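What's in structure.cif: mmCIF, C-alpha atoms
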```cif
data_start
#
loop_
_atom_site.label_atom_id
_atom_site.label_comp_id
_atom_site.auth_asym_id
_atom_site.auth_seq_id
_atom_site.Cartn_x
_atom_site.Cartn_y
_atom_site.Cartn_z
CA MET A 1 129.75 120.89 123.69
CA ILE A 2 129.18 124.64 123.97
CA ARG A 3 132.24 125.27 121.83
CA ASP A 4 130.90 122.94 119.13
CA VAL A 5 127.51 124.64 119.22
CA LEU A 6 129.20 128.03 118.85
CA THR A 7 131.32 126.75 115.93
CA LEU A 8 128.22 125.55 114.05
CA LEU A 9 126.28 128.67 114.93
CA GLY A 10 129.21 130.79 113.77
CA LYS A 11 129.18 128.96 110.44
CA ASP A 12 125.44 129.60 109.97
CA LEU A 13 125.78 133.25 110.94
CA ARG A 14 128.74 133.70 108.56
CA VAL A 15 126.77 132.18 105.67
CA GLU A 16 123.88 134.48 106.50
CA TRP A 17 126.13 137.52 106.90
CA ARG A 18 127.44 137.04 103.36
CA ASN A 19 124.10 137.15 101.55
CA GLN A 20 121.57 138.24 104.22
CA GLU A 21 118.89 136.29 102.38
CA LEU A 22 117.07 134.87 105.38
CA ALA A 23 117.13 137.96 107.55
CA LEU A 24 115.98 140.30 104.79
CA ALA A 25 113.30 137.97 103.42
CA THR A 26 111.90 137.22 106.87
CA LEU A 27 111.92 140.85 107.99
CA PHE A 28 110.28 141.99 104.78
CA PHE A 29 107.67 139.27 105.14
CA ALA A 30 106.97 140.32 108.74
CA ALA A 31 106.55 143.94 107.62
CA VAL A 32 104.14 142.90 104.87
CA VAL A 33 102.09 140.83 107.31
CA MET A 34 101.90 143.78 109.72
CA LEU A 35 100.82 146.00 106.83
CA ILE A 36 98.01 143.57 105.96
CA PHE A 37 96.90 143.67 109.60
CA VAL A 38 96.89 147.47 109.52
CA PHE A 39 94.35 147.42 106.71
CA ALA A 40 92.39 144.57 108.27
CA PHE A 41 92.06 146.04 111.74
CA LEU A 42 92.62 149.79 111.66
CA ALA A 43 89.39 151.41 110.59
CA GLY A 44 89.44 154.42 112.90
CA ASP A 45 89.53 153.53 116.58
CA ARG A 46 92.73 152.66 118.38
CA PRO A 47 93.08 148.87 118.31
CA SER A 48 92.58 147.00 121.56
CA ALA A 49 95.38 145.29 123.50
CA GLU A 50 94.05 141.93 122.22
CA VAL A 51 94.41 143.01 118.59
CA CYS A 52 97.93 144.35 119.14
CA SER A 53 99.13 141.20 120.88
CA GLY A 54 97.51 138.98 118.26
CA VAL A 55 99.14 140.92 115.43
CA LEU A 56 102.57 140.70 117.08
CA TRP A 57 102.48 136.95 117.68
CA VAL A 58 100.82 135.97 114.40
CA ALA A 59 103.33 138.05 112.45
CA LEU A 60 106.13 136.39 114.42
CA ALA A 61 104.81 132.86 113.85
CA LEU A 62 104.13 133.37 110.12
CA SER A 63 107.40 135.06 109.27
CA GLY A 64 109.33 132.66 111.49
CA THR A 65 108.01 129.72 109.49
CA VAL A 66 108.98 131.37 106.21
CA GLY A 67 112.53 131.92 107.45
CA ILE A 68 112.86 128.42 108.90
CA ALA A 69 111.60 126.72 105.74
CA ARG A 70 113.96 128.74 103.55
CA GLY A 71 116.89 128.15 105.91
CA PHE A 72 116.60 124.37 105.75
CA GLU A 73 115.91 124.47 102.01
CA ARG A 74 119.16 126.36 101.43
CA GLU A 75 121.13 123.76 103.39
CA ARG A 76 119.47 121.00 101.40
CA GLU A 77 120.35 122.57 98.05
CA GLY A 78 124.05 122.50 98.88
CA SER A 79 123.74 119.11 100.64
CA SER A 80 125.49 120.84 103.53
CA PHE A 81 123.01 119.48 106.05
CA ARG A 82 123.78 115.94 104.98
CA ALA A 83 127.49 116.67 105.30
CA LEU A 84 126.84 117.96 108.80
CA LEU A 85 124.98 114.79 109.75
CA LEU A 86 127.80 112.64 108.38
CA SER A 87 130.38 114.54 110.43
CA PRO A 88 131.38 113.04 113.80
CA MET A 89 129.61 115.84 115.63
CA ALA A 90 127.07 114.85 118.32
CA ARG A 91 123.48 115.18 117.15
CA GLU A 92 122.53 117.22 120.21
CA VAL A 93 125.08 119.82 119.15
CA ILE A 94 123.50 120.10 115.69
CA TYR A 95 120.04 120.41 117.21
CA VAL A 96 121.02 123.06 119.76
CA SER A 97 122.91 125.08 117.15
CA LYS A 98 119.94 125.00 114.75
CA LEU A 99 117.60 125.93 117.62
CA THR A 100 119.81 128.89 118.54
CA GLY A 101 120.06 130.01 114.92
CA ILE A 102 116.30 129.96 114.45
CA ALA A 103 115.79 131.74 117.78
CA LEU A 104 118.23 134.49 116.77
CA LEU A 105 116.45 134.98 113.44
CA MET A 106 113.08 135.15 115.17
CA ALA A 107 114.44 137.52 117.83
CA LEU A 108 115.47 139.89 115.06
CA VAL A 109 111.98 139.66 113.56
CA ALA A 110 110.41 140.17 117.01
CA VAL A 111 112.34 143.40 117.61
CA VAL A 112 111.33 144.82 114.22
CA ALA A 113 107.72 143.64 114.66
CA LEU A 114 107.62 145.31 118.05
CA VAL A 115 108.85 148.60 116.60
CA LEU A 116 106.23 148.36 113.83
CA LEU A 117 103.59 147.61 116.47
CA VAL A 118 104.46 150.83 118.28
CA VAL A 119 104.65 152.89 115.08
CA LEU A 120 101.70 151.48 113.11
CA PHE A 121 99.34 150.42 115.89
CA GLY A 122 100.28 152.94 118.57
CA ALA A 123 100.89 150.20 121.16
CA MET A 124 102.19 151.58 124.46
CA VAL A 125 105.26 149.63 125.51
CA GLY A 126 106.82 152.38 127.63
CA GLU A 127 107.39 150.63 130.94
CA ILE A 128 106.57 147.06 130.13
CA TRP A 129 109.30 146.41 127.57
CA PRO A 130 111.63 144.32 129.79
CA THR A 131 108.82 141.87 130.62
CA LEU A 132 107.63 141.92 127.01
CA LEU A 133 111.12 141.07 125.76
CA LEU A 134 111.39 138.24 128.31
CA LEU A 135 108.02 136.94 127.17
CA LEU A 136 109.03 137.09 123.51
CA ALA A 137 112.33 135.36 124.27
CA LEU A 138 110.60 132.50 126.10
CA GLY A 139 108.00 132.14 123.35
CA ILE A 140 110.67 132.17 120.64
CA VAL A 141 112.68 129.43 122.39
CA GLY A 142 109.57 127.21 122.59
CA PHE A 143 108.69 127.82 118.95
CA SER A 144 112.28 127.22 117.81
CA ALA A 145 112.54 123.99 119.83
CA VAL A 146 109.74 122.48 117.76
CA ALA A 147 110.80 124.15 114.51
CA ALA A 148 114.43 122.99 114.69
CA LEU A 149 113.41 119.35 114.99
CA PHE A 150 110.67 119.27 112.37
CA GLY A 151 112.43 121.62 109.95
CA ALA A 152 115.45 119.32 109.96
CA ALA A 153 113.42 116.10 109.98
CA LEU A 154 111.31 117.08 106.98
CA GLY A 155 114.48 116.47 104.97
CA ARG A 156 113.58 115.41 101.48
CA ALA A 157 109.98 114.65 102.41
CA GLN A 158 107.51 115.42 99.67
CA SER A 159 105.28 118.48 100.17
CA ARG A 160 107.57 119.66 102.99
CA GLN A 161 106.65 123.30 102.38
CA VAL A 162 103.05 122.48 103.27
CA LEU A 163 103.92 120.05 106.04
CA LEU A 164 106.12 122.37 108.11
CA PRO A 165 103.37 124.84 109.08
CA LEU A 166 100.88 121.96 109.41
CA LEU A 167 103.10 120.30 112.03
CA LEU A 168 104.42 123.45 113.64
CA TYR A 169 101.29 125.48 114.39
CA PRO A 170 99.14 122.89 116.21
CA LEU A 171 102.12 121.84 118.34
CA THR A 172 103.13 125.39 119.25
CA LEU A 173 99.60 126.57 119.95
CA PRO A 174 100.22 126.68 123.73
CA VAL A 175 103.09 129.12 123.04
CA LEU A 176 100.82 131.32 120.97
CA ILE A 177 98.05 131.19 123.58
CA ALA A 178 100.48 132.05 126.39
CA GLY A 179 102.20 134.75 124.32
CA THR A 180 99.06 136.50 123.11
CA ARG A 181 97.33 136.36 126.51
CA ALA A 182 100.32 137.65 128.45
CA THR A 183 101.05 140.39 125.88
CA ALA A 184 97.42 141.53 125.96
CA LEU A 185 97.53 141.59 129.76
CA LEU A 186 100.80 143.55 129.69
CA LEU A 187 99.49 146.10 127.18
CA SER A 188 96.28 146.67 129.11
CA GLY A 189 98.04 146.84 132.49
CA GLY A 190 96.49 143.57 133.65
CA ASP A 191 96.94 141.33 136.65
CA ALA A 192 100.62 140.70 137.49
CA ALA A 193 99.86 137.24 138.93
CA GLN A 194 98.37 136.11 135.61
CA ILE A 195 101.32 137.47 133.64
CA SER A 196 103.67 135.62 135.96
CA PHE A 197 101.65 132.44 135.42
CA TRP A 198 102.09 132.69 131.64
CA LEU A 199 105.83 133.35 132.00
CA ARG A 200 106.22 130.25 134.18
CA PHE A 201 104.04 128.30 131.76
CA LEU A 202 106.40 129.20 128.90
CA VAL A 203 109.43 128.15 130.96
CA VAL A 204 107.82 124.72 131.46
CA PHE A 205 106.89 124.46 127.77
CA ASP A 206 110.46 125.37 126.75
CA ALA A 207 111.97 122.86 129.17
CA VAL A 208 109.70 120.02 127.98
CA PHE A 209 110.11 120.66 124.27
CA VAL A 210 113.84 121.42 124.25
CA SER A 211 114.45 118.17 126.21
CA LEU A 212 112.17 116.23 123.88
CA GLY A 213 113.89 117.77 120.85
CA VAL A 214 117.41 116.91 122.09
CA TRP A 215 116.22 113.39 122.88
CA LEU A 216 114.42 112.72 119.58
CA PHE A 217 116.69 114.53 117.11
CA GLU A 218 119.14 111.64 116.89
CA HIS A 219 116.36 109.13 116.17
CA VAL A 220 114.41 111.20 113.68
CA VAL A 221 117.00 113.02 111.60
CA THR A 222 119.16 110.70 109.53
CA ALA A 223 121.75 111.48 106.89
CA GLY A 224 120.05 109.20 104.36
CA GLU A 225 117.01 111.39 104.17
CA ALA A 226 118.57 114.81 104.67
CA MET B 1 94.23 85.13 108.30
CA LYS B 2 92.70 83.27 111.22
CA LEU B 3 90.79 85.17 113.89
CA SER B 4 91.92 84.43 117.42
CA PRO B 5 89.32 83.32 120.00
CA TRP B 6 90.10 86.45 122.08
CA PHE B 7 89.25 88.66 119.14
CA LEU B 8 85.93 86.85 118.64
CA ILE B 9 85.05 87.18 122.33
CA VAL B 10 85.84 90.91 122.36
CA LEU B 11 83.92 91.38 119.10
CA THR B 12 80.86 89.57 120.49
CA LEU B 13 80.93 91.57 123.72
CA ALA B 14 81.30 94.85 121.83
CA VAL B 15 78.39 94.05 119.50
CA PHE B 16 76.25 92.91 122.41
CA GLY B 17 77.10 95.98 124.50
CA LEU B 18 76.48 98.42 121.65
CA ALA B 19 73.15 96.71 120.87
CA MET B 20 72.06 96.83 124.52
CA ALA B 21 73.25 100.39 125.26
CA PRO B 22 70.54 102.33 123.32
CA GLN B 23 67.75 100.49 125.13
CA LEU B 24 69.30 101.12 128.54
CA ILE B 25 69.95 104.75 127.64
CA VAL B 26 66.31 105.25 126.63
CA ALA B 27 65.18 103.58 129.86
CA ALA B 28 67.54 105.66 132.03
CA PRO B 29 65.93 108.51 134.00
CA ARG B 30 65.71 111.89 132.30
CA GLU B 31 68.04 114.55 133.59
CA VAL B 32 65.96 117.28 135.29
CA THR B 33 67.38 120.45 133.74
CA MET B 34 68.68 119.33 130.34
CA GLY B 35 66.09 116.68 129.49
CA LEU B 36 66.55 114.54 126.41
CA VAL B 37 69.73 116.20 125.15
CA GLN B 38 71.63 114.96 128.21
CA LYS B 39 71.47 111.44 126.74
CA ILE B 40 74.14 112.35 124.19
CA PHE B 41 76.50 112.27 127.18
CA TYR B 42 76.38 108.44 127.16
CA TYR B 43 78.13 108.45 123.78
CA HIS B 44 80.06 111.68 124.07
CA VAL B 45 82.13 110.75 127.13
CA PRO B 46 83.18 107.26 125.91
CA VAL B 47 84.30 108.56 122.49
CA ALA B 48 86.18 111.42 124.19
CA TRP B 49 87.94 108.95 126.48
CA LEU B 50 88.93 106.86 123.44
CA THR B 51 90.17 109.91 121.52
CA PHE B 52 92.67 110.68 124.27
CA SER B 53 93.52 107.00 124.86
CA GLY B 54 94.12 106.61 121.12
CA ALA B 55 96.55 109.55 121.18
CA PHE B 56 98.57 107.96 123.98
CA VAL B 57 98.48 104.49 122.34
CA CYS B 58 99.81 106.16 119.18
CA ALA B 59 102.58 107.84 121.18
CA GLY B 60 103.47 104.49 122.81
CA GLY B 61 103.64 102.73 119.44
CA SER B 62 105.70 105.59 118.01
CA ALA B 63 108.17 105.39 120.90
CA ALA B 64 108.56 101.62 120.32
CA PHE B 65 109.18 102.32 116.62
CA LEU B 66 111.68 105.13 117.17
CA PHE B 67 113.72 103.59 119.97
CA ARG B 68 113.39 99.86 119.33
CA ASN B 69 112.77 99.87 115.58
CA SER B 70 109.55 97.94 116.20
CA GLU B 71 107.53 97.58 112.98
CA ARG B 72 104.54 96.42 114.99
CA GLY B 73 104.81 99.57 117.12
CA ASP B 74 104.65 101.64 113.94
CA ARG B 75 101.54 99.82 112.74
CA ILE B 76 99.87 100.24 116.14
CA ALA B 77 100.71 103.95 116.03
CA LEU B 78 99.14 104.36 112.58
CA ALA B 79 95.99 102.43 113.52
CA ALA B 80 95.63 104.32 116.82
CA ALA B 81 96.12 107.68 115.07
CA GLU B 82 93.34 106.88 112.60
CA LEU B 83 91.06 105.87 115.47
CA THR B 84 91.95 109.08 117.35
CA VAL B 85 90.88 111.12 114.35
CA LEU B 86 87.71 109.03 113.92
CA PHE B 87 86.62 109.14 117.57
CA GLY B 88 87.75 112.76 117.81
CA LEU B 89 85.37 113.62 115.00
CA CYS B 90 82.55 111.96 117.00
CA VAL B 91 83.51 114.12 120.02
CA LEU B 92 83.59 117.27 117.92
CA VAL B 93 80.12 116.50 116.51
CA THR B 94 78.39 115.35 119.71
CA GLY B 95 79.93 118.12 121.88
CA PRO B 96 78.49 121.09 119.95
CA LEU B 97 75.11 119.29 119.57
CA TRP B 98 74.90 119.13 123.34
CA ALA B 99 76.32 122.64 123.80
CA ARG B 100 73.67 124.16 121.52
CA LYS B 101 70.96 123.02 123.93
CA ALA B 102 72.85 123.47 127.19
CA TRP B 103 74.68 126.77 126.54
CA GLY B 104 72.74 128.20 123.61
CA SER B 105 75.66 128.15 121.15
CA TYR B 106 77.45 125.40 119.29
CA TRP B 107 80.92 126.27 120.44
CA LYS B 108 82.30 128.02 123.47
CA TRP B 109 86.05 128.54 123.45
CA GLU B 110 85.92 128.68 127.24
CA ASP B 111 85.24 124.96 127.31
CA VAL B 112 88.68 123.57 127.94
CA ARG B 113 87.91 119.95 127.10
CA LEU B 114 86.32 120.57 123.71
CA THR B 115 89.01 123.07 122.72
CA THR B 116 91.79 120.69 123.80
CA THR B 117 90.15 117.90 121.79
CA LEU B 118 90.03 120.16 118.73
CA ILE B 119 93.75 120.96 118.94
CA LEU B 120 94.62 117.31 119.57
CA TRP B 121 92.49 116.39 116.58
CA PHE B 122 94.46 118.81 114.41
CA ILE B 123 97.77 117.34 115.60
CA PHE B 124 96.65 113.82 114.66
CA LEU B 125 95.26 114.98 111.33
CA ALA B 126 98.74 116.39 110.72
CA TYR B 127 100.10 112.95 111.71
CA LEU B 128 97.96 111.18 109.09
CA PHE B 129 98.79 113.87 106.54
CA THR B 130 102.51 113.34 107.17
CA ARG B 131 102.17 109.57 106.81
CA LYS B 132 100.25 109.88 103.57
CA TYR B 133 102.11 112.69 101.81
CA GLY B 134 105.50 112.77 103.55
CA GLY B 135 107.17 110.23 101.28
CA PRO B 136 110.17 108.18 102.42
CA GLY B 137 111.29 108.88 105.99
CA ALA B 138 107.88 110.23 106.94
CA ARG B 139 107.29 107.41 109.40
CA LYS B 140 109.98 108.66 111.77
CA LEU B 141 108.81 112.22 111.39
CA ALA B 142 105.24 111.19 112.18
CA ALA B 143 106.43 109.21 115.21
CA ALA B 144 108.16 112.32 116.56
CA LEU B 145 104.97 114.27 115.93
CA ALA B 146 102.95 111.74 117.94
CA LEU B 147 105.36 112.00 120.88
CA PHE B 148 105.36 115.80 120.75
CA GLY B 149 101.57 115.73 120.47
CA ALA B 150 101.16 113.52 123.54
CA ALA B 151 103.52 115.77 125.53
CA ASP B 152 101.52 118.74 124.30
CA VAL B 153 98.14 117.53 125.62
CA PRO B 154 98.59 118.56 129.29
CA LEU B 155 100.10 121.89 128.21
CA ILE B 156 97.23 122.61 125.81
CA TYR B 157 94.76 121.73 128.55
CA LEU B 158 96.48 124.01 131.04
CA SER B 159 96.81 126.90 128.59
CA VAL B 160 93.20 126.75 127.45
CA GLN B 161 92.09 126.53 131.07
CA PHE B 162 93.90 129.77 131.96
CA TRP B 163 93.22 131.41 128.62
CA ARG B 164 89.71 132.36 129.69
CA THR B 165 89.08 132.60 133.38
CA ILE B 166 85.51 131.29 133.26
CA HIS B 167 85.39 127.60 132.53
CA PRO B 168 82.90 124.98 133.64
CA LYS B 169 84.13 122.54 136.23
CA THR B 170 82.88 119.18 135.08
CA THR B 171 82.76 116.50 137.71
CA VAL B 172 79.70 114.97 136.12
CA VAL B 173 80.63 111.31 136.23
CA SER B 174 80.89 111.08 140.01
CA THR B 175 77.56 112.90 140.49
CA LEU B 176 75.55 110.68 138.13
CA GLY B 177 72.21 109.44 139.43
CA PRO B 178 72.03 105.71 140.21
CA GLY B 179 69.81 104.98 137.17
CA MET B 180 72.30 106.67 134.83
CA ARG B 181 75.44 104.88 135.96
CA GLY B 182 74.56 101.48 134.43
CA PRO B 183 74.05 102.65 130.84
CA PHE B 184 77.01 105.03 131.12
CA TRP B 185 79.49 102.33 132.13
CA LEU B 186 78.02 99.88 129.61
CA ALA B 187 78.50 102.44 126.83
CA LEU B 188 82.03 103.20 128.03
CA VAL B 189 83.08 99.54 128.14
CA SER B 190 81.40 98.72 124.80
CA PHE B 191 83.06 101.62 123.02
CA THR B 192 86.42 100.65 124.50
CA LEU B 193 85.94 97.09 123.21
CA LEU B 194 84.95 98.53 119.82
CA PHE B 195 88.20 100.51 119.87
CA PHE B 196 90.21 97.30 120.32
CA VAL B 197 88.22 95.52 117.60
CA LEU B 198 88.86 98.34 115.14
CA LEU B 199 92.52 98.55 116.17
CA GLU B 200 93.03 94.83 115.59
CA LEU B 201 91.25 94.94 112.21
CA ARG B 202 93.33 97.91 111.10
CA LEU B 203 96.53 96.11 112.21
CA ARG B 204 95.54 93.07 110.15
CA LEU B 205 94.83 95.28 107.14
CA GLU B 206 98.22 96.96 107.48
CA ALA B 207 99.98 93.60 107.88
CA ALA B 208 98.21 92.36 104.73
CA ARG B 209 99.27 95.49 102.86
CA VAL B 210 102.91 95.04 103.89
CA ALA B 211 102.79 91.34 102.90
CA ARG B 212 101.33 92.26 99.51
CA ASP B 213 104.01 94.91 98.92
CA GLU B 214 106.71 92.36 99.72
CA LEU B 215 105.14 89.88 97.30
CA VAL B 216 104.97 92.47 94.54
CA LEU B 217 108.64 93.30 95.09
CA ALA B 218 109.56 89.61 95.09
CA VAL B 219 107.71 89.07 91.80
CA GLU B 220 109.44 92.09 90.26
CA ASP B 221 112.83 90.75 91.38
CA TRP B 222 111.98 87.36 89.93
CA GLU B 223 110.91 88.92 86.61
CA ASP B 224 114.12 90.94 86.48
CA ALA B 225 116.12 87.76 87.06
CA GLN B 226 114.39 85.97 84.18
#
```

This entry written out as structure tokens:
Amino acid sequence: MIRDVLTLLGKDLRVEWRNQELALATLFFAAVVMLIFVFAFLAGDRPSAEVCSGVLWVALALSGTVGIARGFEREREGSSFRALLLSPMAREVIYVSKLTGIALLMALVAVVALVLLVVLFGAMVGEIWPTLLLLLALGIVGFSAVAALFGAALGRAQSRQVLLPLLLYPLTLPVLIAGTRATALLLSGGDAAQISFWLRFLVVFDAVFVSLGVWLFEHVVTAGEA
Amino acid sequence: MKLSPWFLIVLTLAVFGLAMAPQLIVAAPREVTMGLVQKIFYYHVPVAWLTFSGAFVCAGGSAAFLFRNSERGDRIALAAAELTVLFGLCVLVTGPLWARKAWGSYWKWEDVRLTTTLILWFIFLAYLFTRKYGGPGARKLAAALALFGAADVPLIYLSVQFWRTIHPKTTVVSTLGPGMRGPFWLALVSFTLLFFVLLELRLRLEAARVARDELVLAVEDWEDAQ
């Protein structure tokens, strides 16, 4: 199964490597969002830890959705997603490979957003970066678990561009709450026990939603509608 | 369509209970600290209970539809989702009305129950939105959303609870005065019966709509054949 996942992931990465559309568009979008936040929040004083963490996670969620929507749209245009569903490959493999692809894209965005956070907002990530990266990774997996299922399932649904964020944000709200709280605590040197709670919370969220996604993908995503 | 005797009994009991409840609520003793505004509790708690029950009924119906292809399950899910949104709206109106008097502001994000209800309400609005505007294939997508939403409820609750450290511990029901218990349970049972009445009516409406669609298709086929 792992080999199949890697084959599919390799295909997606190769397609992306050739035109870099998703990565560039998503990164540019994230930078623009951060720039908007600079003008919205920076009016003199150094922004608080809450503002910094909010900016990071909102930029990640918004630009992630843009990338995910475009990614599935591109597959639809070439009918390649339908071809994939008609192939004898197990549905779990398709789901896990899409999840990994989305997570990699979002990880790239997260790294750039983090750098921009340090440069534009003066956030201090000196000693906390390993925990912050772990936190971002866990949050990204949770977000991608939901996004991979609904992005694929939206198929040819009408008004899918509107529906994806409508479905994605309410469902992933616990990830955003956990992410923003823990990041704010990290940036302000807060209580280690609370940070550890949020990390464990994200592990549980990831486990529940990845399992649910693997389980439901087969029933929800069908070649007829892709 | 003929109404079953069970439906008529439940309907009569619900009407009777809802007609009796206001008189009992007026006669119930006044709460010492909150006074008159406490009486909203007799309606607020039953509708909140039905909002969450509706969400889980919807998830159950969706599971039956996804895994067993049950058309009835799908109709139950749709009816329950509509009732969740309807009763949820009642919760979101009565909650702040009470909060304004008790806490001095309409909304406190620290209140885990109200905030969880709001997020749940958004998830089920997204469900109805998907059903209405999703086009073909949206039923499966919506079913997945309902299952994800139901799995999300405990996680939302937990995350909101730890999001802000101060949150009111509400163990109100077990500490009710003897004069308040009667009207409370009457209201709870009556609203629950009302839920089943509305669910059954909505199921009948949906069945009628499906039957009409089939007739229209049959007539079109017949006209084409002529």

message: Could you list, as an MDAnalysis selection string, every residue matched by the PyMOL selection byres ((chain A) within 7 of (chain B)) in this structure?
response: chainID A and resid 153 157:159 163 166:167 170:171 174 177:178 181 216 219:220 225

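Every protein, DNA or RNA residue with an atom at most 10 Å from Arg200 (chain A), where all atoms listed in the file count and chain neighbours fewer than 4 positions away do not, is listed here: A:Leu135, A:Leu138, A:Ala178, A:Gln194, A:Ile195, A:Ser196, A:Val204, A:Phe205, A:Asp206.
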
The PyMOL selection byres ((chain B and resi 43-50) around 6) resolved against shown file, as a short mmCIF file (atom, residue, chain, number, x, y, z; two decimals) with C-alpha atoms, in the frame of the given file:
```
data_model
loop_
_atom_site.label_atom_id
_atom_site.label_comp_id
_atom_site.auth_asym_id
_atom_site.auth_seq_id
_atom_site.Cartn_x
_atom_site.Cartn_y
_atom_site.Cartn_z
CA ILE B 40 74.14 112.35 124.19
CA PHE B 41 76.50 112.27 127.18
CA TYR B 42 76.38 108.44 127.16
CA THR B 51 90.17 109.91 121.52
CA PHE B 52 92.67 110.68 124.27
CA SER B 53 93.52 107.00 124.86
CA GLY B 54 94.12 106.61 121.12
CA PHE B 87 86.62 109.14 117.57
CA VAL B 91 83.51 114.12 120.02
CA THR B 94 78.39 115.35 119.71
CA LEU B 188 82.03 103.20 128.03
#
```

message: With the PyMOL selection byres ((chain A and resi 1) around 10) as the selection, what would be picked from this file? Answer as a PyMOL selection string, please.
response: chain A and resi 2-7+89-90+92-93+96

message: Between CA of Val141 (chain A) and CA of Pro165 (chain A), what distance in Å does the model show, to one decimal?
response: 16.9 Å

query: At a cut-off of 7 Å from (108.6, 120.5, 123.2) in the coordinates of the file, what residues are picked up using all atoms listed in the file, written as a PyMOL selection string?
result: (chain A and resi 142+145-146+205-206+208-213) or (chain B and resi 148)

Output file for the selection above: C-alpha atoms, as a CSV table (one decimal), keeping the file's coordinate frame:
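Generated file (out.csv):
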```csv
chain,number,residue,atom,x,y,z
A,142,GLY,CA,109.6,127.2,122.6
A,145,ALA,CA,112.5,124.0,119.8
A,146,VAL,CA,109.7,122.5,117.8
A,205,PHE,CA,106.9,124.5,127.8
A,206,ASP,CA,110.5,125.4,126.8
A,208,VAL,CA,109.7,120.0,128.0
A,209,PHE,CA,110.1,120.7,124.3
A,210,VAL,CA,113.8,121.4,124.2
A,211,SER,CA,114.4,118.2,126.2
A,212,LEU,CA,112.2,116.2,123.9
A,213,GLY,CA,113.9,117.8,120.8
B,148,PHE,CA,105.4,115.8,120.8
```

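Rounded to one decimal, CA of Glu73 (chain A) and CA of Asp12 (chain A) lie 13.4 Å from each other.
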
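Interatomic distance, CA of Arg91 (chain A) to CA of Arg18 (chain A): 26.1 Å.
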
Which neighbours of region 96-103 of chain B fall inside 10 Å, counting only C-alpha atoms, when residues of the same chain fewer than 5 positions from it are skipped, and could you give them as an mmCIF file with C-alpha atoms, in the frame of the given file?
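Dumped to out.cif:
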```cif
data_model
loop_
_atom_site.group_PDB
_atom_site.id
_atom_site.type_symbol
_atom_site.label_atom_id
_atom_site.label_comp_id
_atom_site.auth_asym_id
_atom_site.auth_seq_id
_atom_site.Cartn_x
_atom_site.Cartn_y
_atom_site.Cartn_z
ATOM 1 C CA THR B 33 67.380 120.450 133.740
ATOM 2 C CA MET B 34 68.680 119.330 130.340
ATOM 3 C CA GLY B 35 66.090 116.680 129.490
ATOM 4 C CA LEU B 36 66.550 114.540 126.410
ATOM 5 C CA VAL B 37 69.730 116.200 125.150
ATOM 6 C CA GLN B 38 71.630 114.960 128.210
ATOM 7 C CA LYS B 39 71.470 111.440 126.740
ATOM 8 C CA ILE B 40 74.140 112.350 124.190
ATOM 9 C CA PHE B 41 76.500 112.270 127.180
ATOM 10 C CA HIS B 44 80.060 111.680 124.070
ATOM 11 C CA VAL B 91 83.510 114.120 120.020
ATOM 12 C CA LYS B 108 82.300 128.020 123.470
ATOM 13 C CA ASP B 111 85.240 124.960 127.310
ATOM 14 C CA LEU B 114 86.320 120.570 123.710
#
```

List as a short mmCIF file (atom, residue, chain, number, x, y, z; two decimals) with C-alpha atoms, in the frame of the given file the protein and nucleic acid residues near region 113-121 of chain A, meaning an atom at most 12 Å away when only C-alpha atoms are counted, but skip any in the same chain fewer than 4 places from it.
```cif
data_model
loop_
_atom_site.label_atom_id
_atom_site.label_comp_id
_atom_site.auth_asym_id
_atom_site.auth_seq_id
_atom_site.Cartn_x
_atom_site.Cartn_y
_atom_site.Cartn_z
CA THR A 26 111.90 137.22 106.87
CA LEU A 27 111.92 140.85 107.99
CA PHE A 28 110.28 141.99 104.78
CA PHE A 29 107.67 139.27 105.14
CA ALA A 30 106.97 140.32 108.74
CA ALA A 31 106.55 143.94 107.62
CA VAL A 32 104.14 142.90 104.87
CA VAL A 33 102.09 140.83 107.31
CA MET A 34 101.90 143.78 109.72
CA LEU A 35 100.82 146.00 106.83
CA ILE A 36 98.01 143.57 105.96
CA PHE A 37 96.90 143.67 109.60
CA VAL A 38 96.89 147.47 109.52
CA PHE A 39 94.35 147.42 106.71
CA ALA A 40 92.39 144.57 108.27
CA PHE A 41 92.06 146.04 111.74
CA LEU A 42 92.62 149.79 111.66
CA ALA A 43 89.39 151.41 110.59
CA GLY A 44 89.44 154.42 112.90
CA ASP A 45 89.53 153.53 116.58
CA ARG A 46 92.73 152.66 118.38
CA PRO A 47 93.08 148.87 118.31
CA SER A 48 92.58 147.00 121.56
CA ALA A 49 95.38 145.29 123.50
CA GLU A 50 94.05 141.93 122.22
CA VAL A 51 94.41 143.01 118.59
CA CYS A 52 97.93 144.35 119.14
CA SER A 53 99.13 141.20 120.88
CA GLY A 54 97.51 138.98 118.26
CA VAL A 55 99.14 140.92 115.43
CA LEU A 56 102.57 140.70 117.08
CA TRP A 57 102.48 136.95 117.68
CA VAL A 58 100.82 135.97 114.40
CA ALA A 59 103.33 138.05 112.45
CA LEU A 60 106.13 136.39 114.42
CA ALA A 61 104.81 132.86 113.85
CA LEU A 62 104.13 133.37 110.12
CA SER A 63 107.40 135.06 109.27
CA GLY A 64 109.33 132.66 111.49
CA MET A 106 113.08 135.15 115.17
CA ALA A 107 114.44 137.52 117.83
CA LEU A 108 115.47 139.89 115.06
CA VAL A 109 111.98 139.66 113.56
CA VAL A 125 105.26 149.63 125.51
CA GLY A 126 106.82 152.38 127.63
CA TRP A 129 109.30 146.41 127.57
CA LEU A 132 107.63 141.92 127.01
CA LEU A 133 111.12 141.07 125.76
CA LEU A 136 109.03 137.09 123.51
CA THR A 183 101.05 140.39 125.88
CA LEU A 187 99.49 146.10 127.18
#
```
